[in-house]
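*Asks:* Okay, here's the structure, questions in a sec.
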Amino acid sequence: MKDCHNTLRSDRLKITQMEDIHKTAKFLYDLNQHNEHHVGYIRVTLQSIEEQLHHIKKEDMLLIIDDEEIIAAFGVEPINDKEAHILGPITKQTDKITLNMIKTMWQDLLITHPELKVYYFSLHEDHRFGQTVMKNLRTQYLGTTYTMTTHENKTTSLVPQVIKYKSVYKKSFTEIMKDMYIDYKPRRDKILNSIGSSHELYLYLNEGIAKGFIWMQINDDDSCDIQFVYTHLQYRHKGIGHDLVSFAVDHAFKKHHATSVQLSVKSKREKDIAFYEKLGFKKINEMNHFKYTIE
């Protein structure tokens with residue numbers, strides 16, 4: 001009787017491309033509020049997820065549909081010509097049929113992106129089904145990060161060296177990106193193209209040299225995300241990263257009247273975690289990261 005039920009359910013389910021962006025965004029947003037379903041690389045608010053999906057081709061976001069209801073989503077968001085973030089797996093169902101369908105979706109994504117060689121996954125520690133998917137796809141475990149958040153401004157000092165990015169500083173910003181990546185242009189352009197109502201970029205400028213930067217996302221729910229903070233290799237261990245974060249927290253609460261600020265930090269970076277805790281940040285979840293590489 002059980003096998004008959006699974007057969008009927010399998011016949012009813014189908015894999016399809018994203019058609020309704022709002023409906024897909026609502027599905028991603030609702031499930032991502034729960035640790036057991038939570039995946040990384042999906043933006044925080046419903047509005048920002050819709051914005052994210054508008055920049056993804058419909059064939060790059062595959063869904064499992066039961067009648068008109070979305071059961072699962074599995075998508076790819078290219079970072080550059082060779083790398084991509086995977087949005088998923090995020091699913092209401094965690095049975096074998098769903099697992100097999102997600103494996104089929106994965107093969108479809110690989111076939112439609114022959115140019116991509118590296119895929120990155122990010123899953124909450126409690127996302128047990130996601131861990132099963134990682135084993136089935138034979139991904140490589142990269143490590144763990146904590147998501148930390150604060151609801152109060154505990155910063156006290158001004159940081160005059162931190163200035164808002166302007167196009168005149170593009171060359172200086174490019175030099176920092178060259179320090180980070182060999183193939184720096186796609187990442188640089190992604191950050192620069194994001195600057196506007198939802199993202200802000202600030203440089204740490206000292207002695208006429210840009211020595212670090214911080215990239216922030218301003219959400220529509222009165223929250224801010226510190227998406228990236230970086231100090232040039234030649235200027236490490238001088239407190240620049242800490243100054244950038246201090247500025248960003250103060251700026252978020254005073255300028256944007258944020259009710260919370262969120263960031264991610266690698267679990268091994270104990271000194272950074274201690275610093276963030278002094279600024280009022282607390283750990284709210286633990287994310288595991290994986291990589292799939294095509295040789």
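Ordering of the structure tokens sets the chain letters (A, B, ...), residue numbers begin anew at 1 in every chain, and ligands are numbered from 1 in the order given.
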So that I can check the secondary structure, give me every residue of region 78-206 of chain A assigned strand (DSSP E) by backbone DSSP, as a PyMOL selection string.
*Replies:* chain A and resi 78+83-91+118-124+140-150+162-164+199-206
*Asks:* Neighbouring residues of region 232-248 of chain A were defined as those with any atom within 9 Å, considering only C-alpha atoms; residues of the same chain fewer than 2 positions away were excluded. Please report them as a ChimeraX atom specification.
*Replies:* /A:154-159,161-162,175-177,179-180,202-204,210-216,226,229-230,250-253,261,272,275-276,279
*Asks:* Region 87-102 of chain A: which residues within 7 Å, counting only C-alpha atoms, same-chain residues fewer than 6 positions away excluded, as a PyMOL selection string?
*Replies:* chain A and resi 10+37+39+41-42+71-76+129-130
*Asks:* Residues within 8 Å of Met18 (chain A), please, as number ranges by chain. Count only C-alpha atoms; anything in the same chain fewer than 3 positions from it doesn't count.
*Replies:* A: 21, 24, 58-59, 61-63
*Asks:* In Å to one decimal, how far is CA of Asp126 (chain A) from CA of Ile65 (chain A)?
*Replies:*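 Interatomic distance here is 24.3 Å.
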*Asks:* Give me, as number ranges by chain, the residues of region 11-136 of chain A that a backbone DSSP run labels alpha helix (DSSP H).
*Replies:* A: 11-12, 21-31, 46-54, 96-112, 128-136
*Asks:* Distance CA of Tyr146 (chain A)-CA of Glu125 (chain A), one decimal place?
*Replies:*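 According to the coordinates, CA of Tyr146 (chain A) and CA of Glu125 (chain A) are separated by 10.0 Å.
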*Asks:* So which one's closest to Thr259 (chain A), A:Met105, A:Ile294, A:Cys224, A:Met148? Using only C-alpha atoms, please.
*Replies:* A:Cys224
*Asks:* For CA of Glu270 (chain A) and CA of Lys178 (chain A), determine how far apart the two atoms are, in Å to one decimal place.
*Replies:* 26.9 Å
*Asks:* From the list A:Phe173, A:Val249, A:Asn288, A:Ile49, which residue is nearest Tyr120 (chain A) when using only C-alpha atoms?
*Replies:*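 Result for the nearest residue to Tyr120 (chain A): A:Asn288.
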*Asks:* For Gln47 (chain A), please output as a list in words all residues within 12 Å (counting only C-alpha atoms; exclusion window: fewer than 5 positions along the same chain).
*Replies:* Ile21, His22, Lys23, Thr24, Ala25, Lys26, Leu28, Tyr29, Ile42, Gln52, Leu53, His54, Ser198, Ile218, Asn219, Asp220 and Asp221 of chain A
*Asks:* Please determine, counting only C-alpha atoms, which residue among A:Arg128, A:Leu13, A:Ser260, A:Phe121 has the shortest atom-to-atom distance to Thr144 (chain A).
*Replies:* A:Phe121
*Asks:* At a cut-off of 7 Å, using only C-alpha atoms, what residues contact Tyr119 (chain A)? Leave out same-chain residues fewer than 4 positions from it and give the result as a count of residues only.
*Replies:* 7
